[in-house]
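The file model-v3.txt comes next; it holds compact mmCIF, C-alpha atoms.
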# COMPACT_ATOMS: atom_id res chain seq x y z
CA MET Z 25 -45.01 -26.71 97.77
CA ARG Z 26 -47.45 -25.38 100.39
CA LEU Z 27 -46.70 -22.47 102.69
CA THR Z 28 -45.01 -23.41 105.95
CA TRP Z 29 -45.20 -20.73 108.63
CA LEU Z 30 -43.37 -21.45 111.88
CA ASP Z 31 -44.70 -19.69 114.97
CA ILE Z 32 -41.87 -18.97 117.42
CA ARG Z 33 -44.04 -16.94 119.79
CA GLY Z 34 -43.73 -18.45 123.24
CA VAL Z 35 -41.26 -21.14 122.18
CA ASP Z 36 -38.89 -22.15 125.00
CA ALA Z 37 -35.85 -19.87 124.87
CA GLU Z 38 -33.51 -22.86 125.33
CA ILE Z 39 -34.50 -24.34 121.97
CA LYS Z 40 -35.71 -21.27 120.06
CA THR Z 41 -32.34 -20.49 118.45
CA ALA Z 42 -31.91 -24.07 117.27
CA ILE Z 43 -35.47 -24.18 115.94
CA VAL Z 44 -34.99 -20.95 113.98
CA GLU Z 45 -31.68 -22.18 112.54
CA GLU Z 46 -33.33 -25.42 111.46
CA ALA Z 47 -36.27 -23.55 109.96
CA VAL Z 48 -34.01 -21.27 107.92
CA HIS Z 49 -31.93 -24.23 106.76
CA GLN Z 50 -35.05 -26.14 105.71
CA ARG Z 51 -36.37 -23.08 103.87
CA VAL Z 52 -39.67 -22.71 105.70
CA SER Z 53 -41.86 -20.10 104.06
CA ALA Z 54 -42.06 -17.76 107.04
CA ILE Z 55 -41.05 -17.16 110.65
CA VAL Z 56 -43.85 -15.71 112.75
CA ALA Z 57 -43.02 -13.60 115.81
CA ASP Z 58 -44.86 -11.18 118.10
CA GLU Z 59 -42.00 -8.68 118.38
CA PRO Z 60 -40.25 -6.97 115.42
CA GLY Z 61 -36.88 -7.55 117.09
CA GLU Z 62 -37.29 -11.32 116.68
CA LEU Z 63 -37.28 -10.85 112.90
CA VAL Z 64 -34.24 -8.61 112.54
CA ASP Z 65 -31.55 -11.24 111.99
CA LEU Z 66 -33.51 -13.47 109.65
CA PRO Z 67 -32.12 -13.89 106.11
CA PRO Z 68 -34.01 -12.70 103.01
CA THR Z 69 -34.83 -16.30 102.10
CA VAL Z 70 -37.58 -16.45 104.74
CA ARG Z 71 -40.69 -14.27 104.94
CA LYS Z 72 -40.88 -12.25 108.16
CA VAL Z 73 -44.36 -12.23 109.68
CA LEU Z 74 -45.43 -10.16 112.68
CA LEU Z 75 -48.40 -11.48 114.67
CA PRO Z 76 -48.60 -9.28 117.77
CA ARG Z 77 -50.18 -10.50 120.98
CA GLY Z 78 -50.61 -6.94 122.26
CA PRO Z 79 -50.99 -3.54 120.61
CA LEU Z 80 -49.57 -3.06 117.14
CA PRO Z 81 -46.14 -1.39 117.47
CA ASP Z 82 -45.50 1.87 115.67
CA ASP Z 83 -42.28 0.48 114.21
CA LEU Z 84 -42.90 -2.78 112.37
CA GLY Z 85 -39.20 -3.40 111.89
CA PRO Z 86 -38.31 -5.77 109.04
CA ALA Z 87 -41.78 -7.37 108.87
CA ASP Z 88 -42.94 -8.29 105.37
CA VAL Z 89 -46.41 -9.32 106.53
CA VAL Z 90 -48.39 -8.28 109.59
CA ILE Z 91 -51.36 -10.36 110.74
CA VAL Z 92 -53.78 -8.41 112.91
CA ASP Z 93 -56.97 -8.78 114.88
CA PRO Z 94 -59.23 -6.34 113.00
CA GLU Z 95 -61.36 -5.62 116.07
CA ARG Z 96 -58.29 -4.71 118.10
CA HIS Z 97 -55.79 -3.36 115.58
CA GLY Z 98 -58.02 -2.03 112.81
CA ASP Z 99 -58.86 -2.74 109.19
CA PRO Z 100 -55.95 -4.44 107.37
CA ALA Z 101 -56.53 -2.25 104.29
CA VAL Z 102 -56.30 0.95 106.34
CA LEU Z 103 -53.16 -0.31 108.08
CA ALA Z 104 -51.57 -1.21 104.74
CA ALA Z 105 -52.12 2.37 103.53
CA ARG Z 106 -50.26 3.66 106.59
CA HIS Z 107 -47.33 1.27 106.10
CA PRO Z 108 -46.33 1.15 102.42
CA GLY Z 109 -44.40 -1.95 101.47
CA VAL Z 110 -45.91 -4.09 104.23
CA GLU Z 111 -48.74 -6.55 103.56
CA PHE Z 112 -51.52 -6.99 106.11
CA GLY Z 113 -54.09 -9.66 106.76
CA PRO Z 114 -56.59 -10.65 109.43
CA PHE Z 115 -56.37 -13.34 112.10
CA VAL Z 116 -59.75 -15.00 112.51
CA GLU Z 117 -60.71 -17.44 115.24
CA ILE Z 118 -63.62 -19.58 114.01
CA VAL Z 119 -65.92 -20.72 116.81
CA ASP Z 120 -69.45 -20.38 115.36
CA ALA Z 121 -71.44 -19.49 112.25
CA PRO Z 122 -70.84 -15.71 112.42
CA THR Z 123 -67.04 -16.09 112.76
CA LEU Z 124 -67.11 -18.67 109.97
CA GLU Z 125 -68.70 -16.07 107.69
CA VAL Z 126 -65.99 -13.58 108.71
CA ALA Z 127 -63.39 -16.17 107.74
CA CYS Z 128 -65.07 -16.79 104.37
CA GLU Z 129 -65.11 -13.08 103.61
CA ALA Z 130 -61.47 -12.69 104.60
CA ALA Z 131 -60.46 -15.65 102.44
CA ARG Z 132 -62.32 -14.15 99.48
CA THR Z 133 -60.93 -10.62 99.78
CA GLN Z 134 -57.66 -10.50 101.73
CA ARG Z 135 -54.09 -11.07 100.54
CA TRP Z 136 -53.40 -13.09 103.71
CA SER Z 137 -55.85 -14.80 106.05
CA VAL Z 138 -54.67 -16.70 109.12
CA LEU Z 139 -57.50 -18.90 110.38
CA TRP Z 140 -57.77 -20.79 113.65
CA PHE Z 141 -60.57 -23.36 113.63
CA ARG Z 142 -61.44 -24.26 117.20
CA ASP Z 143 -63.76 -27.10 116.16
CA PRO Z 144 -61.79 -30.34 115.49
CA THR Z 145 -63.89 -31.17 112.42
CA LYS Z 146 -62.55 -29.98 109.08
CA ILE Z 147 -66.01 -29.07 107.75
CA PRO Z 148 -65.58 -25.32 108.50
CA LEU Z 149 -62.29 -25.32 106.58
CA GLU Z 150 -64.04 -27.06 103.68
CA ILE Z 151 -66.64 -24.29 103.67
CA VAL Z 152 -63.97 -21.57 103.65
CA LEU Z 153 -62.05 -23.24 100.83
CA ALA Z 154 -65.22 -23.56 98.77
CA ALA Z 155 -66.18 -19.93 99.47
CA ALA Z 156 -62.73 -18.70 98.43
CA ALA Z 157 -62.41 -20.81 95.27
CA GLY Z 158 -60.74 -18.65 92.63
CA ALA Z 159 -59.62 -15.96 95.09
CA SER Z 160 -56.05 -14.68 94.75
CA GLY Z 161 -55.21 -14.50 98.44
CA SER Z 162 -53.59 -17.15 100.61
CA ILE Z 163 -55.21 -19.03 103.48
CA VAL Z 164 -52.93 -20.10 106.33
CA THR Z 165 -54.50 -22.47 108.84
CA VAL Z 166 -53.32 -22.92 112.42
CA VAL Z 167 -52.43 -26.56 113.18
CA GLU Z 168 -51.41 -28.38 116.33
CA ASP Z 169 -48.84 -30.72 114.80
CA VAL Z 170 -47.40 -32.06 111.55
CA GLU Z 171 -49.98 -34.83 111.37
CA GLU Z 172 -52.79 -32.27 111.35
CA ALA Z 173 -50.88 -30.25 108.75
CA GLU Z 174 -50.92 -33.26 106.39
CA ILE Z 175 -54.69 -33.49 106.83
CA VAL Z 176 -55.22 -29.77 106.28
CA PHE Z 177 -53.18 -29.87 103.08
CA GLY Z 178 -55.57 -32.48 101.69
CA VAL Z 179 -58.98 -31.04 102.60
CA LEU Z 180 -61.29 -30.96 99.54
CA GLU Z 181 -58.35 -32.25 97.44
CA HIS Z 182 -57.14 -28.64 97.45
CA GLY Z 183 -56.21 -27.92 101.02
CA SER Z 184 -55.18 -24.79 102.77
CA ASP Z 185 -52.50 -22.74 101.00
CA GLY Z 186 -50.38 -23.03 104.10
CA VAL Z 187 -50.26 -23.85 107.78
CA LEU Z 188 -49.05 -22.08 110.91
CA LEU Z 189 -47.38 -24.42 113.39
CA LYS Z 190 -45.86 -23.70 116.78
CA PRO Z 191 -42.92 -26.13 117.00
CA GLN Z 192 -42.50 -28.25 120.10
CA ARG Z 193 -39.04 -29.60 119.34
CA VAL Z 194 -36.12 -29.40 116.96
CA GLY Z 195 -37.15 -31.50 113.95
CA ASP Z 196 -40.68 -30.15 113.61
CA ALA Z 197 -39.62 -27.68 110.91
CA THR Z 198 -38.01 -30.45 108.89
CA ASP Z 199 -41.08 -32.66 109.19
CA LEU Z 200 -43.39 -29.78 108.29
CA VAL Z 201 -41.47 -28.93 105.13
CA ALA Z 202 -41.52 -32.59 104.12
CA ALA Z 203 -45.28 -32.74 104.68
CA SER Z 204 -45.81 -29.59 102.62
CA ALA Z 205 -44.15 -31.13 99.59
CA GLY Z 206 -47.21 -33.34 99.32
CA GLY Z 207 -46.91 -34.69 95.81
CA SER Z 208 -44.25 -36.97 94.46
CA ALA Z 209 -41.75 -36.49 91.67
CA ASP Z 210 -42.20 -38.08 88.27
CA LEU Z 211 -40.05 -41.10 87.43
CA GLU Z 212 -38.23 -41.85 84.21
CA LEU Z 213 -39.50 -45.20 83.02
CA THR Z 214 -37.59 -47.32 80.56
CA GLU Z 215 -38.44 -50.09 78.12
CA LEU Z 216 -37.38 -53.61 79.04
CA GLU Z 217 -37.21 -56.67 76.83
CA VAL Z 218 -38.33 -60.03 78.17
CA VAL Z 219 -35.49 -62.57 78.04
CA ARG Z 220 -37.24 -65.60 79.53
CA THR Z 221 -39.91 -66.74 81.94
CA GLU Z 222 -39.82 -69.72 84.29
CA HIS Z 223 -42.30 -71.46 86.57
CA VAL Z 224 -40.58 -71.48 89.97
CA GLY Z 225 -43.02 -73.35 92.21
CA MET Z 226 -44.97 -72.30 95.27
CA GLY Z 227 -44.43 -69.25 97.42
CA GLU Z 228 -46.19 -66.34 99.09
CA ARG Z 229 -47.38 -63.44 96.99
CA ALA Z 230 -48.86 -60.13 98.11
CA CYS Z 231 -51.93 -58.36 96.79
CA VAL Z 232 -51.66 -54.67 97.71
CA ASP Z 233 -55.12 -53.23 98.31
CA THR Z 234 -55.06 -49.44 98.45
CA CYS Z 235 -57.56 -46.79 99.50
CA THR Z 236 -57.52 -45.37 95.96
CA TYR Z 237 -58.97 -46.22 92.56
CA PHE Z 238 -56.17 -46.77 90.08
CA ARG Z 239 -56.48 -45.61 86.49
CA GLU Z 240 -56.21 -48.13 83.66
CA ASP Z 241 -52.63 -47.10 82.85
CA GLU Z 242 -51.50 -47.10 86.47
CA GLY Z 243 -49.97 -49.57 88.86
CA ILE Z 244 -47.00 -49.93 91.21
CA LEU Z 245 -43.35 -50.71 90.51
CA VAL Z 246 -42.17 -54.10 91.77
CA GLY Z 247 -38.90 -56.01 91.42
CA SER Z 248 -36.72 -58.64 93.03
CA HIS Z 249 -33.76 -56.23 93.07
CA SER Z 250 -33.52 -52.63 94.20
CA LYS Z 251 -32.05 -51.46 90.88
CA GLY Z 252 -34.69 -52.86 88.57
CA MET Z 253 -38.50 -52.94 88.75
CA ILE Z 254 -41.42 -53.65 86.41
CA LEU Z 255 -44.72 -51.75 86.31
CA CYS Z 256 -47.46 -54.08 87.59
CA VAL Z 257 -50.91 -52.93 86.54
CA SER Z 258 -53.85 -52.75 88.91
CA GLU Z 259 -56.95 -54.91 88.51
CA THR Z 260 -58.81 -52.17 86.63
CA HIS Z 261 -59.11 -54.26 83.48
CA PRO Z 262 -61.87 -56.87 83.02
CA LEU Z 263 -61.20 -60.38 84.26
CA PRO Z 264 -63.06 -63.63 83.57
CA TYR Z 265 -65.07 -65.13 86.43
CA MET Z 266 -64.55 -62.22 88.81
CA PRO Z 267 -65.28 -58.49 89.11
CA THR Z 268 -62.57 -55.87 88.66
CA ARG Z 269 -60.90 -54.57 91.80
CA PRO Z 270 -59.48 -51.20 90.70
CA PHE Z 271 -57.97 -50.55 94.12
CA ARG Z 272 -55.72 -53.65 93.95
CA VAL Z 273 -52.37 -54.60 92.49
CA ASN Z 274 -51.45 -58.29 92.49
CA ALA Z 275 -47.90 -57.22 93.07
CA GLY Z 276 -45.60 -60.20 93.38
CA ALA Z 277 -43.67 -62.39 95.79
CA ILE Z 278 -43.28 -61.08 99.32
CA HIS Z 279 -39.50 -60.49 99.04
CA SER Z 280 -40.02 -57.95 96.25
CA TYR Z 281 -39.26 -54.27 96.46
CA THR Z 282 -41.74 -51.52 95.68
CA VAL Z 283 -41.25 -47.76 95.62
CA SER Z 284 -42.77 -45.91 98.55
CA HIS Z 285 -43.11 -42.26 99.58
CA GLN Z 286 -40.10 -39.89 99.34
CA GLY Z 287 -37.99 -42.26 97.28
CA ARG Z 288 -37.76 -45.04 99.84
CA THR Z 289 -38.36 -48.68 98.95
CA ASN Z 290 -40.18 -51.30 100.99
CA TYR Z 291 -40.48 -55.04 100.77
CA LEU Z 292 -44.03 -56.05 99.91
CA SER Z 293 -44.00 -58.07 103.16
CA GLU Z 294 -43.43 -54.85 105.14
CA LEU Z 295 -46.50 -53.05 103.81
CA LYS Z 296 -49.56 -52.85 106.07
CA SER Z 297 -52.65 -50.75 106.62
CA GLY Z 298 -51.64 -47.10 106.50
CA SER Z 299 -48.40 -47.61 104.54
CA LYS Z 300 -47.71 -45.30 101.60
CA VAL Z 301 -46.71 -46.47 98.13
CA LEU Z 302 -46.29 -44.75 94.78
CA ALA Z 303 -48.90 -45.24 92.09
CA VAL Z 304 -47.12 -44.82 88.75
CA ASP Z 305 -48.63 -44.48 85.28
CA THR Z 306 -47.13 -45.36 81.91
CA LYS Z 307 -45.74 -41.82 81.49
CA GLY Z 308 -43.92 -41.95 84.82
CA ARG Z 309 -46.32 -39.65 86.61
CA THR Z 310 -46.71 -40.58 90.26
CA ARG Z 311 -48.96 -40.03 93.23
CA VAL Z 312 -48.81 -41.25 96.80
CA VAL Z 313 -51.55 -43.72 97.76
CA THR Z 314 -52.39 -45.29 101.10
CA VAL Z 315 -52.43 -49.03 101.64
CA GLY Z 316 -55.68 -50.36 103.06
CA ARG Z 317 -54.41 -53.90 103.57
CA VAL Z 318 -51.97 -56.41 102.14
CA LYS Z 319 -53.30 -59.90 101.38
CA ILE Z 320 -50.57 -62.57 101.45
CA GLU Z 321 -51.39 -66.08 100.25
CA SER Z 322 -49.51 -69.13 98.95
CA ARG Z 323 -49.70 -69.39 95.18
CA PRO Z 324 -47.74 -70.86 92.26
CA LEU Z 325 -45.13 -68.33 91.09
CA ILE Z 326 -43.58 -67.35 87.77
CA SER Z 327 -40.23 -65.58 87.30
CA ILE Z 328 -39.85 -62.94 84.59
CA GLU Z 329 -36.36 -62.01 83.44
CA ALA Z 330 -35.97 -58.83 81.39
CA VAL Z 331 -33.14 -56.58 80.27
CA SER Z 332 -32.84 -52.86 79.55
CA THR Z 333 -31.16 -51.32 76.52
CA THR Z 334 -28.15 -50.64 78.76
CA GLY Z 335 -27.87 -54.31 79.74
CA GLN Z 336 -29.38 -53.93 83.21
CA GLN Z 337 -30.96 -57.21 84.32
CA VAL Z 338 -34.41 -57.03 85.93
CA ASN Z 339 -36.32 -59.80 87.68
CA LEU Z 340 -39.89 -59.98 88.87
CA ILE Z 341 -41.59 -62.97 90.49
CA LEU Z 342 -45.38 -62.93 90.20
CA GLN Z 343 -48.30 -65.20 90.91
CA ASP Z 344 -48.34 -67.77 88.12
CA ASP Z 345 -51.78 -66.96 86.72
CA TRP Z 346 -53.07 -65.44 83.50
CA HIS Z 347 -54.98 -62.63 85.23
CA VAL Z 348 -51.81 -61.18 86.84
CA ARG Z 349 -50.65 -58.46 84.50
CA VAL Z 350 -47.90 -55.96 83.75
CA LEU Z 351 -47.79 -52.88 81.55
CA GLY Z 352 -45.93 -52.34 78.32
CA PRO Z 353 -45.17 -49.22 76.24
CA GLY Z 354 -48.28 -47.26 75.33
CA GLY Z 355 -50.21 -48.80 78.20
CA VAL Z 356 -50.47 -52.25 76.61
CA VAL Z 357 -51.72 -54.75 79.19
CA LEU Z 358 -49.75 -58.01 79.17
CA ASN Z 359 -50.78 -61.23 80.89
CA SER Z 360 -47.80 -62.55 82.83
CA THR Z 361 -48.23 -66.20 81.81
CA GLU Z 362 -48.28 -65.27 78.11
CA LEU Z 363 -45.04 -63.27 78.13
CA LYS Z 364 -42.37 -64.53 75.76
CA PRO Z 365 -38.84 -63.45 74.81
CA GLY Z 366 -38.86 -60.21 72.86
CA ASP Z 367 -41.97 -58.76 74.52
CA ARG Z 368 -41.55 -55.17 75.74
CA LEU Z 369 -42.33 -54.06 79.30
CA LEU Z 370 -42.17 -50.79 81.18
CA GLY Z 371 -39.75 -50.62 84.08
CA TYR Z 372 -37.75 -48.38 86.34
CA LEU Z 373 -34.03 -48.52 87.07
CA PRO Z 374 -33.14 -46.73 90.34
CA ALA Z 375 -29.52 -45.60 90.39
CA GLU Z 376 -28.82 -46.18 94.09
CA ASP Z 377 -28.35 -49.26 96.19
CA ARG Z 378 -30.52 -49.59 99.28
CA HIS Z 379 -30.03 -49.97 103.01
CA VAL Z 380 -33.25 -50.55 105.00
CA GLY Z 381 -35.04 -49.00 102.04
CA TYR Z 382 -33.08 -45.78 101.90
CA PRO Z 383 -30.89 -44.91 98.88
CA ILE Z 384 -27.16 -45.12 99.60
CA LYS Z 385 -24.02 -45.14 97.53
CA GLU Z 386 -22.18 -48.32 98.46
CA PHE Z 387 -21.14 -51.62 96.94
CA CYS Z 388 -24.08 -53.99 96.80
CA LEU Z 389 -24.38 -57.06 94.57
CA GLU Z 390 -27.87 -58.46 93.99
CA LYS Z 391 -28.48 -61.59 91.94

Show me the file's structure as structure tokens.
Amino acid sequence: MRLTWLDIRGVDAEIKTAIVEEAVHQRVSAIVADEPGELVDLPPTVRKVLLPRGPLPDDLGPADVVIVDPERHGDPAVLAARHPGVEFGPFVEIVDAPTLEVACEAARTQRWSVLWFRDPTKIPLEIVLAAAAGASGSIVTVVEDVEEAEIVFGVLEHGSDGVLLKPQRVGDATDLVAASAGGSADLELTELEVVRTEHVGMGERACVDTCTYFREDEGILVGSHSKGMILCVSETHPLPYMPTRPFRVNAGAIHSYTVSHQGRTNYLSELKSGSKVLAVDTKGRTRVVTVGRVKIESRPLISIEAVSTTGQQVNLILQDDWHVRVLGPGGVVLNSTELKPGDRLLGYLPAEDRHVGYPIKEFCLEK
């Protein structure tokens, strides 16, 4: 989980109370204010950060961290010696090469560094992150909105330790916390036994082309029903007559479910450029990948029926072709047209029913 600092300085008084209540409920990392009095009533679950617009007050109130302008307020180390128990760090506005070097030095040496990059490119942030590699302090980057926060969290595959966002509306804190979670939880895969296969005629199938190279033991989960899916491998393994396409999963008929970001499911037909899906490996480890395109074409289809050790029935309808593959225990690659009763597959059995892709506890019969 990345650091989420919410800047309430200058927020409209009519919505400030609601925004703070939401932020506390969502467990943001810190509330940032310019007056110590704004921090008094905050619970101990949230870090209290003072970022003064004017002179540094003599009484810092309940502040845990104070971010200062070194040229105006003084050296953070000297200030920390005067205020035992309070951590200090610099605020650096990066506008040119000299201020970029100041930011690099702060990131290397300070416990806290709040950085405001005025240039829209993320190259200066990349330079700071590289300069501070291995440092023990935390870099908090000022962002304009949640969308920029998601980008900042991913810069150089490491990202800023945290972001500072001034909320514009109730809901921004919730969205920011969700964005900070970044990664995805592992899934508990289960072994399935093939019961039968059947050629079911023509239909539309979807190839999901992502913006990511899959590993050889990785694919996406696909199934005809929301409570049972099979792990379809990507085209990372050699194929006759054609090159590998390690960014692609020949995923199944268009009605099929797949697991997307934050536990939601989507029909394959709903996916489009920019959609998010979960890449899953044979150990259940997951990562969020971005869809580049979905290629839907009419093809012969084959139905695979499998069952779990608990008796849960699972169905998957794939393109009826040898090169379309699924994964078995230990990462064994299985050609769909060669599956036979008794073969073992890897699958996933979500516990919840679905309504427009969201998990919900209700009666729902799928067959």

Query raised in the report: Could you state the separation of CA of Tyr372 in chain Z and CA of Phe177 in chain Z in Å, given to one decimal place?
Result: 29.3 Å

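Nearest residue to Thr282 in chain Z, choosing from Z:Thr145, Z:Thr314, Z:Ser248, Z:Thr165 and counting all atoms listed in the file: Z:Ser248.
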
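As for CA of Val357 in chain Z and CA of Pro324 in chain Z, they are spaced 21.1 Å apart.
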
Report task. Taking the point (-41.0, -63.0, 76.2) as given in the file, collect each protein or nucleic acid residue that comes within 10 Å of it, counting only C-alpha atoms, and present the set as a PyMOL selection string. Result -> chain Z and resi 217-221+328-330+360-369

Query raised in the report: Of the candidates Z:Thr28, Z:Val35, Z:Ile254, Z:Lys319, which one gets nearest to Arg349 in chain Z if we count all atoms listed in the file?
Result: Z:Ile254

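Compared by their closest atoms to Val315 in chain Z, and using all atoms listed in the file, the residues Z:Ala154, Z:Leu302, Z:Leu245, Z:Ile341 rank with Z:Leu302 nearest.
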
Query - Residues within 10 Å of range 69-86 of chain Z, all atoms listed in the file, excluding chain neighbours under 3 positions, as a PyMOL selection string - result: chain Z and resi 29-31+33+47-49+51-66+89-93+96-98+107+110-115+138

**Report entry** Near-range 224-234 of chain Z list (10 Å; only C-alpha atoms; drop same-chain fewer than 6 positions) as an NGL selection string
**Finding:** :Z and (244 or 258 or 269-280 or 292-293 or 295-301 or 303 or 313-327 or 341-344)

Can you tell me, as a PDB file with C-alpha atoms, in the frame of the given file, what residues are no more than 10 Å from Val176 in chain Z when counting all atoms listed in the file, ignoring any on the same chain fewer than 5 positions away?
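Full text of selection18.pdb as output:
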ATOM      1  CA  LYS Z 146     -62.550 -29.980 109.080  1.00  0.00           C
ATOM      2  CA  LEU Z 149     -62.290 -25.320 106.580  1.00  0.00           C
ATOM      3  CA  GLU Z 150     -64.040 -27.060 103.680  1.00  0.00           C
ATOM      4  CA  VAL Z 164     -52.930 -20.100 106.330  1.00  0.00           C
ATOM      5  CA  THR Z 165     -54.500 -22.470 108.840  1.00  0.00           C
ATOM      6  CA  VAL Z 166     -53.320 -22.920 112.420  1.00  0.00           C
ATOM      7  CA  VAL Z 167     -52.430 -26.560 113.180  1.00  0.00           C
ATOM      8  CA  VAL Z 170     -47.400 -32.060 111.550  1.00  0.00           C
ATOM      9  CA  GLU Z 171     -49.980 -34.830 111.370  1.00  0.00           C
ATOM     10  CA  GLU Z 181     -58.350 -32.250  97.440  1.00  0.00           C
ATOM     11  CA  HIS Z 182     -57.140 -28.640  97.450  1.00  0.00           C
ATOM     12  CA  GLY Z 183     -56.210 -27.920 101.020  1.00  0.00           C
ATOM     13  CA  SER Z 184     -55.180 -24.790 102.770  1.00  0.00           C
ATOM     14  CA  ASP Z 185     -52.500 -22.740 101.000  1.00  0.00           C
ATOM     15  CA  GLY Z 186     -50.380 -23.030 104.100  1.00  0.00           C
ATOM     16  CA  VAL Z 187     -50.260 -23.850 107.780  1.00  0.00           C
TER      17      VAL Z 187
END

Repair of range 341-347 of chain Z at the level of all heavy atoms, as a PDB file, keeping the file's coordinate frame:
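So the final result, stored in out-v9.pdb, reads:
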ATOM      1  N   ILE Z 341     -40.913 -61.698  90.232  1.00  0.00           N
ATOM      2  CA  ILE Z 341     -41.590 -62.970  90.490  1.00  0.00           C
ATOM      3  C   ILE Z 341     -43.040 -62.663  90.870  1.00  0.00           C
ATOM      4  O   ILE Z 341     -43.303 -61.945  91.853  1.00  0.00           O
ATOM      5  CB  ILE Z 341     -40.888 -63.770  91.586  1.00  0.00           C
ATOM      6  CG1 ILE Z 341     -39.478 -64.150  91.109  1.00  0.00           C
ATOM      7  CG2 ILE Z 341     -41.689 -65.019  91.937  1.00  0.00           C
ATOM      8  CD1 ILE Z 341     -38.668 -64.929  92.123  1.00  0.00           C
ATOM      9  N   LEU Z 342     -43.957 -63.196  90.053  1.00  0.00           N
ATOM     10  CA  LEU Z 342     -45.380 -62.930  90.200  1.00  0.00           C
ATOM     11  C   LEU Z 342     -46.144 -64.217  90.475  1.00  0.00           C
ATOM     12  O   LEU Z 342     -45.622 -65.322  90.285  1.00  0.00           O
ATOM     13  CB  LEU Z 342     -45.942 -62.314  88.917  1.00  0.00           C
ATOM     14  CG  LEU Z 342     -45.503 -60.909  88.531  1.00  0.00           C
ATOM     15  CD1 LEU Z 342     -45.951 -60.597  87.104  1.00  0.00           C
ATOM     16  CD2 LEU Z 342     -46.090 -59.884  89.502  1.00  0.00           C
ATOM     17  N   GLN Z 343     -47.417 -64.041  90.860  1.00  0.00           N
ATOM     18  CA  GLN Z 343     -48.300 -65.200  90.910  1.00  0.00           C
ATOM     19  C   GLN Z 343     -48.427 -65.772  89.504  1.00  0.00           C
ATOM     20  O   GLN Z 343     -48.605 -65.051  88.527  1.00  0.00           O
ATOM     21  CB  GLN Z 343     -49.674 -64.798  91.437  1.00  0.00           C
ATOM     22  CG  GLN Z 343     -50.654 -65.958  91.504  1.00  0.00           C
ATOM     23  CD  GLN Z 343     -52.007 -65.550  92.054  1.00  0.00           C
ATOM     24  OE1 GLN Z 343     -52.134 -64.516  92.718  1.00  0.00           O
ATOM     25  NE2 GLN Z 343     -53.028 -66.348  91.782  1.00  0.00           N
ATOM     26  N   ASP Z 344     -48.326 -67.074  89.405  1.00  0.00           N
ATOM     27  CA  ASP Z 344     -48.340 -67.770  88.120  1.00  0.00           C
ATOM     28  C   ASP Z 344     -49.796 -67.978  87.684  1.00  0.00           C
ATOM     29  O   ASP Z 344     -50.368 -69.061  87.832  1.00  0.00           O
ATOM     30  CB  ASP Z 344     -47.606 -69.114  88.260  1.00  0.00           C
ATOM     31  CG  ASP Z 344     -47.319 -69.773  86.923  1.00  0.00           C
ATOM     32  OD1 ASP Z 344     -47.891 -69.325  85.907  1.00  0.00           O
ATOM     33  OD2 ASP Z 344     -46.530 -70.736  86.908  1.00  0.00           O
ATOM     34  N   ASP Z 345     -50.388 -66.898  87.156  1.00  0.00           N
ATOM     35  CA  ASP Z 345     -51.780 -66.960  86.720  1.00  0.00           C
ATOM     36  C   ASP Z 345     -51.998 -65.935  85.628  1.00  0.00           C
ATOM     37  O   ASP Z 345     -51.467 -64.821  85.695  1.00  0.00           O
ATOM     38  CB  ASP Z 345     -52.723 -66.697  87.910  1.00  0.00           C
ATOM     39  CG  ASP Z 345     -54.136 -67.206  87.651  1.00  0.00           C
ATOM     40  OD1 ASP Z 345     -54.687 -66.893  86.576  1.00  0.00           O
ATOM     41  OD2 ASP Z 345     -54.683 -67.904  88.517  1.00  0.00           O
ATOM     42  N   TRP Z 346     -52.816 -66.275  84.676  1.00  0.00           N
ATOM     43  CA  TRP Z 346     -53.070 -65.440  83.500  1.00  0.00           C
ATOM     44  C   TRP Z 346     -53.541 -64.037  83.868  1.00  0.00           C
ATOM     45  O   TRP Z 346     -53.196 -63.067  83.222  1.00  0.00           O
ATOM     46  CB  TRP Z 346     -54.120 -66.153  82.632  1.00  0.00           C
ATOM     47  CG  TRP Z 346     -54.527 -65.405  81.398  1.00  0.00           C
ATOM     48  CD1 TRP Z 346     -53.939 -65.469  80.176  1.00  0.00           C
ATOM     49  CD2 TRP Z 346     -55.617 -64.500  81.263  1.00  0.00           C
ATOM     50  NE1 TRP Z 346     -54.589 -64.666  79.277  1.00  0.00           N
ATOM     51  CE2 TRP Z 346     -55.642 -64.043  79.929  1.00  0.00           C
ATOM     52  CE3 TRP Z 346     -56.594 -64.017  82.141  1.00  0.00           C
ATOM     53  CZ2 TRP Z 346     -56.576 -63.150  79.445  1.00  0.00           C
ATOM     54  CZ3 TRP Z 346     -57.528 -63.113  81.666  1.00  0.00           C
ATOM     55  CH2 TRP Z 346     -57.516 -62.688  80.331  1.00  0.00           C
ATOM     56  N   HIS Z 347     -54.357 -63.931  84.930  1.00  0.00           N
ATOM     57  CA  HIS Z 347     -54.980 -62.630  85.230  1.00  0.00           C
ATOM     58  C   HIS Z 347     -54.017 -61.653  85.904  1.00  0.00           C
ATOM     59  O   HIS Z 347     -54.372 -60.488  86.107  1.00  0.00           O
ATOM     60  CB  HIS Z 347     -56.213 -62.829  86.126  1.00  0.00           C
ATOM     61  CG  HIS Z 347     -55.896 -63.065  87.573  1.00  0.00           C
ATOM     62  ND1 HIS Z 347     -55.551 -64.311  88.062  1.00  0.00           N
ATOM     63  CD2 HIS Z 347     -55.872 -62.225  88.639  1.00  0.00           C
ATOM     64  CE1 HIS Z 347     -55.344 -64.223  89.365  1.00  0.00           C
ATOM     65  NE2 HIS Z 347     -55.520 -62.967  89.742  1.00  0.00           N
TER      66      HIS Z 347
END
